[in-house]
>>> print(open('data38.csv').read())   # CSV, C-alpha atoms
chain,number,residue,atom,x,y,z
A,1,MET,CA,28.4,31.4,-3.0
A,2,PHE,CA,26.8,28.1,-3.8
A,3,ARG,CA,25.5,27.6,-7.3
A,4,LYS,CA,21.7,27.4,-7.5
A,5,ASN,CA,21.7,23.6,-8.1
A,6,TYR,CA,23.6,23.0,-4.9
A,7,GLN,CA,21.3,25.4,-3.0
A,8,ILE,CA,18.2,23.5,-4.2
A,9,ILE,CA,19.8,20.1,-3.2
A,10,LEU,CA,20.7,21.4,0.3
A,11,ILE,CA,17.2,22.9,0.9
A,12,VAL,CA,15.4,19.8,-0.3
A,13,LEU,CA,17.7,17.6,1.9
A,14,ALA,CA,16.9,19.8,4.9
A,15,LEU,CA,13.1,19.5,4.2
A,16,ASN,CA,13.5,15.7,3.8
A,17,PHE,CA,15.2,15.5,7.2
A,18,MET,CA,12.7,17.7,9.0
A,19,GLY,CA,9.8,15.8,7.3
A,20,LEU,CA,11.2,12.4,8.4
A,21,ILE,CA,11.5,13.7,12.0
A,22,SER,CA,7.9,14.9,11.9
A,23,LEU,CA,6.7,11.7,10.2
A,24,TYR,CA,8.5,9.6,12.9
A,25,SER,CA,6.7,11.6,15.6
A,26,SER,CA,3.3,11.4,13.9
A,27,LEU,CA,3.6,7.6,13.8
A,28,HIS,CA,3.7,7.4,17.6
A,29,GLN,CA,0.6,6.8,19.7
A,30,GLY,CA,0.7,6.8,23.4
A,31,GLY,CA,4.5,6.8,23.4
A,32,GLU,CA,4.7,3.7,21.2
A,33,PHE,CA,6.0,3.7,17.6
A,34,THR,CA,3.2,2.1,15.6
A,35,GLY,CA,4.2,3.0,12.0
A,36,ARG,CA,7.5,1.4,11.3
A,37,VAL,CA,6.4,0.2,7.8
A,38,ILE,CA,5.1,3.6,6.8
A,39,PHE,CA,8.3,5.3,8.0
A,40,LEU,CA,10.6,2.9,6.2
A,41,LYS,CA,8.5,3.2,3.0
A,42,GLN,CA,8.9,7.0,3.1
A,43,ILE,CA,12.7,6.6,3.4
A,44,LEU,CA,12.5,4.4,0.4
A,45,TRP,CA,10.5,6.9,-1.6
A,46,ILE,CA,13.0,9.7,-0.7
A,47,VAL,CA,16.0,7.6,-1.7
A,48,LEU,CA,14.3,6.5,-5.0
A,49,GLY,CA,13.2,10.1,-5.6
A,50,TRP,CA,16.8,11.4,-5.3
A,51,VAL,CA,18.0,8.6,-7.7
A,52,LEU,CA,15.3,9.7,-10.2
A,53,ALA,CA,16.2,13.4,-9.8
A,54,ILE,CA,19.9,12.8,-10.4
A,55,PHE,CA,19.1,10.6,-13.4
A,56,ILE,CA,16.7,13.1,-14.9
A,57,SER,CA,19.1,15.9,-14.3
A,58,PHE,CA,21.3,14.4,-17.1
A,59,ILE,CA,18.3,14.3,-19.6
A,60,ASN,CA,18.0,17.5,-21.6
A,61,TYR,CA,14.7,19.2,-20.6
A,62,ARG,CA,13.9,19.8,-24.3
A,63,VAL,CA,13.1,16.1,-24.6
A,64,PHE,CA,9.9,16.8,-22.6
A,65,PHE,CA,8.6,19.1,-25.3
A,66,ASP,CA,8.0,16.0,-27.5
A,67,LEU,CA,7.3,13.7,-24.6
A,68,SER,CA,4.6,16.0,-23.2
A,69,ILE,CA,2.0,14.7,-25.6
A,70,TRP,CA,2.8,11.1,-24.8
A,71,LEU,CA,2.9,11.8,-21.1
A,72,TYR,CA,-0.5,13.5,-21.3
A,73,PHE,CA,-2.2,10.6,-23.0
A,74,ILE,CA,-0.6,8.1,-20.6
A,75,SER,CA,-1.9,10.2,-17.7
A,76,LEU,CA,-5.4,10.3,-19.2
A,77,PHE,CA,-5.3,6.6,-19.8
A,78,LEU,CA,-4.3,5.9,-16.2
A,79,LEU,CA,-7.1,8.1,-14.9
A,80,VAL,CA,-9.6,6.1,-17.0
A,81,VAL,CA,-8.1,2.9,-15.7
A,82,VAL,CA,-8.4,4.0,-12.1
A,83,ALA,CA,-12.0,5.0,-12.7
A,84,ILE,CA,-12.7,1.3,-13.7
A,85,LEU,CA,-10.2,-0.8,-11.7
A,86,GLY,CA,-9.1,1.6,-9.0
A,87,LYS,CA,-8.8,0.8,-5.4
A,88,ILE,CA,-11.4,2.4,-3.2
A,89,GLN,CA,-10.2,4.0,0.1
A,90,MET,CA,-12.1,6.3,2.3
A,91,GLY,CA,-14.9,6.7,-0.2
A,92,ALA,CA,-12.6,7.7,-3.1
A,93,GLN,CA,-11.4,5.7,-6.1
A,94,ARG,CA,-8.0,7.3,-6.6
A,95,TRP,CA,-5.4,4.5,-6.4
A,96,LEU,CA,-4.1,1.8,-8.7
A,97,GLU,CA,-2.4,-1.2,-7.1
A,98,LEU,CA,0.6,-2.5,-9.0
A,99,GLY,CA,2.5,-5.5,-7.6
A,100,GLY,CA,1.6,-4.6,-4.0
A,101,LEU,CA,2.5,-0.9,-4.5
A,102,THR,CA,-0.2,1.8,-4.6
A,103,PHE,CA,0.1,4.4,-7.3
A,104,GLN,CA,-2.0,7.6,-7.5
A,105,PRO,CA,-2.4,8.6,-11.2
A,106,SER,CA,-3.8,12.1,-10.3
A,107,GLU,CA,-0.3,13.0,-9.0
A,108,PHE,CA,1.2,12.0,-12.4
A,109,ALA,CA,-1.5,14.2,-14.0
A,110,LYS,CA,0.0,17.3,-12.4
A,111,LEU,CA,3.3,16.6,-14.1
A,112,ALA,CA,1.7,15.8,-17.4
A,113,GLY,CA,-0.5,18.9,-17.1
A,114,LEU,CA,2.5,21.2,-16.4
A,115,LEU,CA,4.4,19.9,-19.4
A,116,ILE,CA,1.5,20.0,-21.9
A,117,LEU,CA,0.7,23.6,-20.8
A,118,SER,CA,4.4,24.5,-21.2
A,119,ARG,CA,4.2,23.2,-24.8
A,120,PHE,CA,0.9,24.9,-25.7
A,121,LEU,CA,1.9,28.2,-24.2
A,122,ASN,CA,5.4,28.1,-25.7
A,123,GLU,CA,4.6,30.0,-28.8
A,124,LYS,CA,3.3,33.6,-28.4
A,125,GLY,CA,0.6,34.2,-30.9
A,126,ARG,CA,0.7,37.1,-33.4
A,127,GLU,CA,-1.5,40.1,-32.9
A,128,VAL,CA,-5.1,39.0,-33.7
A,129,SER,CA,-8.5,40.1,-32.5
A,130,PHE,CA,-9.4,39.8,-28.8
A,131,LEU,CA,-11.7,36.8,-29.3
A,132,LYS,CA,-9.4,34.9,-31.6
A,133,GLY,CA,-6.5,35.5,-29.2
A,134,PHE,CA,-8.7,34.4,-26.3
A,135,PHE,CA,-9.5,31.2,-28.1
A,136,LYS,CA,-5.9,30.5,-29.2
A,137,GLU,CA,-4.1,31.5,-26.0
A,138,ILE,CA,-6.6,30.3,-23.4
A,139,ILE,CA,-9.3,27.9,-24.7
A,140,ILE,CA,-7.0,25.7,-26.7
A,141,PRO,CA,-4.4,25.2,-23.9
A,142,PHE,CA,-7.3,24.6,-21.4
A,143,PHE,CA,-9.0,22.0,-23.6
A,144,PRO,CA,-6.5,19.1,-22.7
A,145,LEU,CA,-6.4,20.2,-19.1
A,146,ALA,CA,-10.2,20.0,-18.8
A,147,PHE,CA,-10.1,16.3,-19.5
A,148,LEU,CA,-7.6,15.7,-16.7
A,149,PHE,CA,-9.7,18.0,-14.4
A,150,ILE,CA,-12.9,16.0,-15.0
A,151,ALA,CA,-11.3,12.6,-14.6
A,152,ILE,CA,-9.8,13.7,-11.3
A,153,PHE,CA,-12.9,15.5,-10.0
A,154,ILE,CA,-15.1,12.5,-10.4
A,155,GLN,CA,-12.8,10.2,-8.3
A,156,PRO,CA,-13.6,12.4,-6.3
A,157,ASP,CA,-10.5,14.5,-5.6
A,158,LEU,CA,-11.5,18.1,-5.3
A,159,GLY,CA,-8.1,19.2,-4.0
A,160,THR,CA,-6.0,17.9,-6.9
A,161,SER,CA,-8.6,19.0,-9.6
A,162,LEU,CA,-8.5,22.5,-8.2
A,163,ILE,CA,-4.7,22.4,-8.3
A,164,LEU,CA,-4.9,22.0,-12.1
A,165,ILE,CA,-7.1,25.1,-12.4
A,166,PHE,CA,-4.8,27.2,-10.3
A,167,LEU,CA,-1.7,25.8,-12.2
A,168,PHE,CA,-3.4,26.9,-15.4
A,169,LEU,CA,-4.1,30.4,-14.1
A,170,PHE,CA,-0.5,30.9,-12.7
A,171,MET,CA,1.0,29.7,-16.0
A,172,LEU,CA,-1.2,32.1,-18.0
A,173,ILE,CA,0.0,35.0,-15.9
A,174,GLY,CA,3.6,33.7,-16.3
A,175,ALA,CA,3.2,33.3,-20.0
A,176,GLY,CA,2.3,37.0,-20.3
A,177,ILE,CA,-1.3,36.4,-21.5
A,178,GLU,CA,-3.3,39.6,-21.6
A,179,LYS,CA,-5.0,40.3,-18.3
A,180,LYS,CA,-8.4,41.0,-20.0
A,181,LYS,CA,-8.4,37.5,-21.5
A,182,ILE,CA,-7.6,35.9,-18.1
A,183,LEU,CA,-10.4,37.9,-16.5
A,184,LEU,CA,-12.8,36.7,-19.2
A,185,PHE,CA,-11.8,33.1,-18.4
A,186,LEU,CA,-12.4,33.7,-14.7
A,187,LEU,CA,-15.8,35.2,-15.4
A,188,ILE,CA,-16.8,32.1,-17.4
A,189,ILE,CA,-15.6,29.9,-14.5
A,190,ALA,CA,-17.6,32.0,-12.1
A,191,ILE,CA,-20.7,31.6,-14.1
A,192,PHE,CA,-20.5,27.8,-14.1
A,193,LEU,CA,-19.2,27.6,-10.5
A,194,PRO,CA,-22.6,27.5,-8.7
A,195,GLY,CA,-23.6,24.5,-10.9
A,196,GLY,CA,-20.6,22.6,-9.6
A,197,TRP,CA,-22.1,22.5,-6.1
A,198,SER,CA,-24.6,19.8,-7.2
A,199,PHE,CA,-21.7,17.6,-8.3
A,200,LEU,CA,-19.9,17.6,-4.9
A,201,ARG,CA,-20.2,14.6,-2.6
A,202,ASP,CA,-22.0,15.2,0.8
A,203,TYR,CA,-18.7,15.1,2.8
A,204,GLN,CA,-17.2,17.7,0.4
A,205,LYS,CA,-20.2,20.0,1.0
A,206,GLU,CA,-19.9,19.5,4.7
A,207,ARG,CA,-16.2,20.5,4.6
A,208,LEU,CA,-17.0,23.7,2.8
A,209,LEU,CA,-19.9,24.5,5.2
A,210,VAL,CA,-17.9,23.7,8.3
A,211,PHE,CA,-15.1,25.9,7.1
A,212,ILE,CA,-17.4,28.9,7.7
A,213,ASN,CA,-18.2,27.7,11.3
A,214,PRO,CA,-16.1,24.6,12.5
A,215,ASN,CA,-18.0,24.6,15.8
A,216,SER,CA,-21.2,23.8,14.0
A,217,ASP,CA,-20.1,20.1,14.0
A,218,PRO,CA,-17.2,19.9,16.5
A,219,LEU,CA,-17.4,16.1,16.7
A,220,GLY,CA,-18.0,15.5,13.0
A,221,ALA,CA,-16.8,17.4,10.0
A,222,GLY,CA,-15.3,20.2,12.1
A,223,TYR,CA,-13.3,17.9,14.4
A,224,THR,CA,-10.1,17.7,12.4
A,225,ILE,CA,-9.7,21.4,11.9
A,226,ILE,CA,-10.5,22.2,15.5
A,227,GLN,CA,-7.9,19.8,16.8
A,228,SER,CA,-5.4,21.0,14.2
A,229,LYS,CA,-5.7,24.6,15.4
A,230,ILE,CA,-5.4,23.5,19.0
A,231,ALA,CA,-2.2,21.6,18.2
A,232,ILE,CA,-0.7,24.6,16.3
A,233,GLY,CA,-1.6,27.1,19.0
A,234,SER,CA,-0.3,24.8,21.8
A,235,GLY,CA,3.2,24.8,20.3
A,236,ARG,CA,3.5,28.5,21.2
A,237,LEU,CA,6.9,30.1,20.7
A,238,LEU,CA,9.4,27.2,21.2
A,239,GLY,CA,7.1,24.1,20.9
A,240,LYS,CA,6.6,21.2,23.3
A,241,GLY,CA,9.6,19.3,22.1
A,242,PHE,CA,10.2,16.2,20.0
A,243,LEU,CA,7.7,13.4,20.7
A,244,SER,CA,6.0,15.7,23.3
A,245,GLY,CA,3.1,17.0,21.4
A,246,THR,CA,-0.1,16.0,23.2
A,247,GLN,CA,-2.5,16.4,20.4
A,248,ASN,CA,-0.3,14.2,18.2
A,249,GLN,CA,0.7,11.6,20.8
A,250,LEU,CA,-2.8,11.1,22.1
A,251,ASN,CA,-4.2,10.6,18.6
A,252,PHE,CA,-6.4,13.6,18.4
A,253,ILE,CA,-5.4,14.6,14.9
A,254,PRO,CA,-6.5,12.4,12.0
A,255,ALA,CA,-4.3,12.1,8.9
A,256,ARG,CA,-1.4,13.6,10.8
A,257,HIS,CA,1.3,11.7,8.8
A,258,THR,CA,-0.1,13.0,5.5
A,259,ASP,CA,-2.2,16.1,5.0
A,260,PHE,CA,-1.9,17.4,8.6
A,261,ILE,CA,1.7,16.8,9.3
A,262,PHE,CA,2.3,20.5,9.6
A,263,THR,CA,0.3,20.4,12.9
A,264,VAL,CA,2.8,17.8,14.3
A,265,PHE,CA,5.7,20.0,13.4
A,266,ALA,CA,4.1,23.2,14.8
A,267,GLU,CA,3.1,21.6,18.1
A,268,GLU,CA,6.6,20.2,18.7
A,269,TRP,CA,8.8,23.0,17.4
A,270,GLY,CA,6.6,26.0,17.9
A,271,PHE,CA,6.4,29.3,16.1
A,272,LEU,CA,10.2,29.6,15.7
A,273,GLY,CA,10.4,26.1,14.1
A,274,CYS,CA,7.5,27.1,11.7
A,275,ILE,CA,9.4,30.3,10.8
A,276,LEU,CA,12.5,28.2,9.9
A,277,LEU,CA,10.4,25.8,7.8
A,278,LEU,CA,8.6,28.5,6.0
A,279,PHE,CA,11.9,30.3,5.4
A,280,LEU,CA,13.3,27.1,3.7
A,281,TYR,CA,10.2,27.0,1.5
A,282,TYR,CA,10.6,30.7,0.7
A,283,LEU,CA,14.2,30.1,-0.4
A,284,LEU,CA,13.2,27.2,-2.6
A,285,LEU,CA,10.5,29.2,-4.3
A,286,LYS,CA,12.7,32.2,-4.7
A,287,ILE,CA,15.4,30.2,-6.4
A,288,VAL,CA,13.0,28.6,-8.8
A,289,LEU,CA,11.5,32.1,-9.7
A,290,ASP,CA,15.0,33.6,-10.0
A,291,ILE,CA,16.0,30.8,-12.4
A,292,ALA,CA,12.8,31.4,-14.5
A,293,ASN,CA,13.4,35.2,-14.7
A,294,ASN,CA,17.0,34.7,-16.0
A,295,LEU,CA,16.1,32.2,-18.8
A,296,GLN,CA,15.9,33.2,-22.5
A,297,ASP,CA,14.4,30.0,-23.7
A,298,ARG,CA,10.6,30.3,-23.3
A,299,PHE,CA,9.9,26.5,-22.9
A,300,SER,CA,12.3,26.2,-20.0
A,301,TYR,CA,10.9,29.4,-18.5
A,302,LEU,CA,7.4,28.0,-18.6
A,303,ILE,CA,8.5,24.8,-17.0
A,304,CYS,CA,10.1,26.7,-14.1
A,305,ILE,CA,6.9,28.8,-13.8
A,306,GLY,CA,4.9,25.6,-13.6
A,307,ILE,CA,7.2,24.1,-11.0
A,308,PHE,CA,7.0,27.3,-8.9
A,309,SER,CA,3.2,27.3,-9.3
A,310,LEU,CA,2.8,23.7,-8.2
A,311,PHE,CA,5.1,24.1,-5.2
A,312,PHE,CA,3.5,27.4,-4.1
A,313,ILE,CA,-0.1,26.3,-4.5
A,314,HIS,CA,0.5,23.1,-2.5
A,315,LEU,CA,2.3,25.0,0.3
A,316,PHE,CA,-0.3,27.8,0.4
A,317,ILE,CA,-3.4,25.5,0.4
A,318,ASN,CA,-2.0,22.9,2.8
A,319,ILE,CA,-0.7,25.4,5.5
A,320,SER,CA,-3.8,27.6,5.1
A,321,MET,CA,-6.0,24.5,5.4
A,322,VAL,CA,-4.5,23.2,8.6
A,323,MET,CA,-4.8,26.7,10.1
A,324,GLY,CA,-8.4,26.9,9.3
A,325,LEU,CA,-7.9,29.7,6.7
A,326,LEU,CA,-9.2,27.5,3.8
A,327,PRO,CA,-11.5,24.5,3.6
A,328,VAL,CA,-10.1,21.0,4.1
A,329,VAL,CA,-9.4,19.6,0.6
A,330,GLY,CA,-6.8,16.9,1.3
A,331,LEU,CA,-3.4,18.1,-0.1
A,332,PRO,CA,0.0,16.9,1.2
A,333,LEU,CA,2.8,19.2,2.3
A,334,LEU,CA,5.7,19.5,-0.1
A,335,PHE,CA,8.7,17.2,0.7
A,336,PHE,CA,7.2,16.6,4.2
A,337,SER,CA,4.0,14.5,4.0
A,338,TYR,CA,4.0,10.7,3.7
A,339,GLY,CA,3.1,9.6,0.2
A,340,GLY,CA,5.0,7.7,-2.5
A,341,THR,CA,3.5,9.1,-5.8
A,342,TYR,CA,3.5,12.7,-4.6
A,343,THR,CA,7.1,12.4,-3.3
A,344,ILE,CA,8.4,10.8,-6.6
A,345,ILE,CA,6.6,13.4,-8.8
A,346,ASN,CA,8.2,16.3,-6.9
A,347,PHE,CA,11.6,14.7,-7.2
A,348,ILE,CA,11.1,14.4,-11.0
A,349,LEU,CA,10.3,18.1,-11.1
A,350,ILE,CA,13.5,18.8,-9.1
A,351,GLY,CA,15.4,16.7,-11.6
A,352,ILE,CA,14.0,18.7,-14.6
A,353,LEU,CA,14.9,21.9,-12.7
A,354,LEU,CA,18.5,20.7,-12.1
A,355,ASN,CA,18.9,20.0,-15.8
A,356,ILE,CA,17.6,23.4,-16.8
A,357,ILE,CA,20.2,25.0,-14.4
A,358,LYS,CA,22.9,22.8,-16.0
A,359,THR,CA,21.9,23.6,-19.6
A,360,HIS,CA,21.7,27.3,-18.9
A,361,SER,CA,24.6,27.5,-16.4
A,362,GLN,CA,26.2,30.4,-18.3
A,363,THR,CA,23.2,32.7,-17.9
A,364,LEU,CA,22.4,31.6,-14.3
>>> encode(input="data38.csv", output="structure tokens")
Amino acid sequence: MFRKNYQIILIVLALNFMGLISLYSSLHQGGEFTGRVIFLKQILWIVLGWVLAIFISFINYRVFFDLSIWLYFISLFLLVVVAILGKIQMGAQRWLELGGLTFQPSEFAKLAGLLILSRFLNEKGREVSFLKGFFKEIIIPFFPLAFLFIAIFIQPDLGTSLILIFLFLFMLIGAGIEKKKILLFLLIIAIFLPGGWSFLRDYQKERLLVFINPNSDPLGAGYTIIQSKIAIGSGRLLGKGFLSGTQNQLNFIPARHTDFIFTVFAEEWGFLGCILLLFLYYLLLKIVLDIANNLQDRFSYLICIGIFSLFFIHLFINISMVMGLLPVVGLPLLFFSYGGTYTIINFILIGILLNIIKTHSQTL
């Protein structure tokens, strides 16, 4: 039986291959390949990602306990810089341009947020009163994350900012925080939630309203999700075949090489292809969770819980979004969608995971 590190490598390689096939198809329009540069860039990101993952796998993960503070402040600094000097695309100011390369600091913030939470939640507090425990175990760890959330939310990037909140909740549960404290935190969030509506941009409000009834604006805000569901449904059992998806090839689906790449795969490879893809994701998540549950070191355990959480949240939201089960918030699909920063950050997480496996090989 393969060791867990080899299993992870093989699964991610399979996802890379399937993702590149879908990306290649998504960059066709009317039978003509129109996105050669994008395709070659993604290959470059994947190769660079593997180099980084292998390099980081030789760095003891405990280094990140001390580095977490520095990475957090670097991330916060980059988010401030992007708010001042960031490149504006599609009405959002989320990108920094460095030497011709575009970098998205909010993706780096996920890594920084995961590591800073792992550090703050590393020590289990002694038995104290409920309110003192709530403050120490929830409010204090949430305090640094709140700054990242605000900086990302105002870009605006609703999807990534919500990822941080879900990451926090998942890691609280994984850290064994008392359920009553988590419920109190959720109650506080629920109280302030209605006030957040006024801070949303008009297009974000439209997306949330259209989620309830996409047909209310079939040629506007509801167009993408309607076309996405048509593409997924038209794949049926076996799919239409490589480069044969009509919704894709005839350019009916916007953002099909990024957030909606699952629709391209579903249309071409059908239900059975989607089952295979979801099974690979299931295996990856199961391995990460198995590793976490067999670790004695709390810091490495929390890192694994954070990695599992980020992977699962992205998968759940992206696939639910393209199927019309959740509002469109603009999140890429793990190891599948085009995107340099997102791809690199995920490979960094894989590198950390591989080092944890190597360091604790005797117990795993």
>>> atom_distance(input="data38.csv", atom1="CA of Ile253 in chain A", atom2="CA of Thr341 in chain A")
23.2 Å
>>> residues_around(input="data38.csv", residues="Leu15 in chain A", least_positions_apart="5", cutoff="8 Å", atoms="only C-alpha atoms", output="list in words")
Leu277, Leu280, Phe335 and Phe336 of chain A
>>> atom_distance(input="data38.csv", atom1="CA of Leu111 in chain A", atom2="CA of Ile350 in chain A")
11.6 Å
>>> residues_around(input="data38.csv", residues="Phe134 in chain A", least_positions_apart="4", cutoff="10 Å", atoms="only C-alpha atoms", output="PyMOL selection string")
chain A and resi 128-130+138-140+177-178+180-182+184-185
>>> residues_around(input="data38.csv", residues="His314 in chain A", least_positions_apart="6", cutoff="8 Å", atoms="all atoms listed in the file", output="PDB file with C-alpha atoms, keeping the file's coordinate frame")
ATOM      1  CA  ILE A 163      -4.700  22.400  -8.300  1.00  0.00           C
ATOM      2  CA  LEU A 331      -3.400  18.100  -0.100  1.00  0.00           C
ATOM      3  CA  PRO A 332       0.000  16.900   1.200  1.00  0.00           C
ATOM      4  CA  LEU A 333       2.800  19.200   2.300  1.00  0.00           C
ATOM      5  CA  LEU A 334       5.700  19.500  -0.100  1.00  0.00           C
TER       6      LEU A 334
END
>>> atom_distance(input="data38.csv", atom1="CA of Cys274 in chain A", atom2="CA of Phe39 in chain A")
22.1 Å
>>> closest_residue(input="data38.csv", among="A:Ile232, A:Ile74, A:Leu48, A:Ala53", to="Gly273 in chain A", atoms="all atoms listed in the file")
A:Ile232
>>> closest_residue(input="data38.csv", among="A:Ile59, A:Gly86, A:Asn5, A:Leu272", to="Leu98 in chain A", atoms="all atoms listed in the file")
A:Gly86
>>> closest_atom_pairs(input="data38.csv", of="range 21-128 of chain A", to="range 234-241 of chain A", cutoff="12 Å", atoms="all atoms listed in the file", output="Markdown table")
| residue | atom | partner | partner_atom | distance |
| --- | --- | --- | --- | --- |
| A:Ile21 | CA | A:Gly241 | CA | 11.7 |
| A:Ser22 | CA | A:Gly241 | CA | 11.2 |
| A:Ser25 | CA | A:Gly241 | CA | 10.5 |
>>> residues_near_point(input="data38.csv", point="(-1.0, 14.2, 17.0)", cutoff="10 Å", atoms="all atoms listed in the file", output="ChimeraX atom specification")
/A:25-30,227-228,231,243-257,260-261,263-265,267-268
>>> residues_around(input="data38.csv", residues="Tyr6 in chain A", least_positions_apart="5", cutoff="12 Å", atoms="all atoms listed in the file", output="list of chain:residue names")
A:Met1, A:Ile11, A:Val12, A:Leu13, A:Leu284, A:Ile287, A:Ile350, A:Leu353, A:Leu354, A:Ile357, A:Lys358
>>> closest_residue(input="data38.csv", among="A:Ser320, A:Ser118, A:Ser106, A:Ser161", to="Asp297 in chain A", atoms="all atoms listed in the file")
A:Ser118
>>> closest_residue(input="data38.csv", among="A:Leu96, A:Leu183, A:Leu158, A:Ala292", to="Thr363 in chain A", atoms="only C-alpha atoms")
A:Ala292
>>> closest_residue(input="data38.csv", among="A:Ala266, A:Ile46, A:Leu349, A:Ile230", to="Phe308 in chain A", atoms="all atoms listed in the file")
A:Leu349
>>> closest_residue(input="data38.csv", among="A:Ile43, A:Ile305, A:Ile56, A:Ala109", to="Gly19 in chain A", atoms="only C-alpha atoms")
A:Ile43
>>> residues_around(input="data38.csv", residues="range 149-151 of chain A", least_positions_apart="6", cutoff="8 Å", atoms="all atoms listed in the file", output="count of residues only")
8
>>> build_atoms(input="data38.csv", residues="range 302-315 of chain A", atoms="N, CA, C and O atoms", output="JSON list (two decimals), in the coordinates of the input")
[["chain", "number", "residue", "atom", "x", "y", "z"],
["A", 302, "LEU", "N", 8.73, 28.46, -18.95],
["A", 302, "LEU", "CA", 7.40, 28.00, -18.60],
["A", 302, "LEU", "C", 7.40, 26.81, -17.68],
["A", 302, "LEU", "O", 6.55, 26.69, -16.78],
["A", 303, "ILE", "N", 8.34, 25.91, -17.90],
["A", 303, "ILE", "CA", 8.50, 24.80, -17.00],
["A", 303, "ILE", "C", 8.78, 25.24, -15.57],
["A", 303, "ILE", "O", 8.18, 24.78, -14.59],
["A", 304, "CYS", "N", 9.70, 26.19, -15.46],
["A", 304, "CYS", "CA", 10.10, 26.70, -14.10],
["A", 304, "CYS", "C", 8.86, 27.43, -13.49],
["A", 304, "CYS", "O", 8.64, 27.29, -12.27],
["A", 305, "ILE", "N", 8.11, 28.18, -14.28],
["A", 305, "ILE", "CA", 6.90, 28.80, -13.80],
["A", 305, "ILE", "C", 5.91, 27.78, -13.28],
["A", 305, "ILE", "O", 5.26, 27.93, -12.23],
["A", 306, "GLY", "N", 5.79, 26.68, -14.02],
["A", 306, "GLY", "CA", 4.90, 25.60, -13.60],
["A", 306, "GLY", "C", 5.34, 24.92, -12.34],
["A", 306, "GLY", "O", 4.52, 24.63, -11.47],
["A", 307, "ILE", "N", 6.65, 24.69, -12.21],
["A", 307, "ILE", "CA", 7.20, 24.10, -11.00],
["A", 307, "ILE", "C", 6.95, 25.01, -9.79],
["A", 307, "ILE", "O", 6.51, 24.58, -8.72],
["A", 308, "PHE", "N", 7.27, 26.29, -9.98],
["A", 308, "PHE", "CA", 7.00, 27.30, -8.90],
["A", 308, "PHE", "C", 5.55, 27.26, -8.53],
["A", 308, "PHE", "O", 5.21, 27.28, -7.33],
["A", 309, "SER", "N", 4.66, 27.23, -9.52],
["A", 309, "SER", "CA", 3.20, 27.30, -9.30],
["A", 309, "SER", "C", 2.75, 26.07, -8.46],
["A", 309, "SER", "O", 2.02, 26.21, -7.47],
["A", 310, "LEU", "N", 3.16, 24.87, -8.89],
["A", 310, "LEU", "CA", 2.80, 23.70, -8.20],
["A", 310, "LEU", "C", 3.25, 23.66, -6.73],
["A", 310, "LEU", "O", 2.50, 23.34, -5.80],
["A", 311, "PHE", "N", 4.51, 24.04, -6.55],
["A", 311, "PHE", "CA", 5.10, 24.10, -5.20],
["A", 311, "PHE", "C", 4.34, 25.10, -4.33],
["A", 311, "PHE", "O", 3.94, 24.81, -3.20],
["A", 312, "PHE", "N", 4.16, 26.30, -4.88],
["A", 312, "PHE", "CA", 3.50, 27.40, -4.10],
["A", 312, "PHE", "C", 2.08, 27.05, -3.76],
["A", 312, "PHE", "O", 1.64, 27.25, -2.62],
["A", 313, "ILE", "N", 1.32, 26.55, -4.74],
["A", 313, "ILE", "CA", -0.10, 26.30, -4.50],
["A", 313, "ILE", "C", -0.26, 25.20, -3.43],
["A", 313, "ILE", "O", -1.11, 25.32, -2.53],
["A", 314, "HIS", "N", 0.55, 24.14, -3.50],
["A", 314, "HIS", "CA", 0.50, 23.10, -2.50],
["A", 314, "HIS", "C", 0.81, 23.64, -1.09],
["A", 314, "HIS", "O", 0.12, 23.32, -0.11],
["A", 315, "LEU", "N", 1.86, 24.43, -1.02],
["A", 315, "LEU", "CA", 2.30, 25.00, 0.30],
["A", 315, "LEU", "C", 1.17, 25.91, 0.82],
["A", 315, "LEU", "O", 0.79, 25.82, 2.00]]
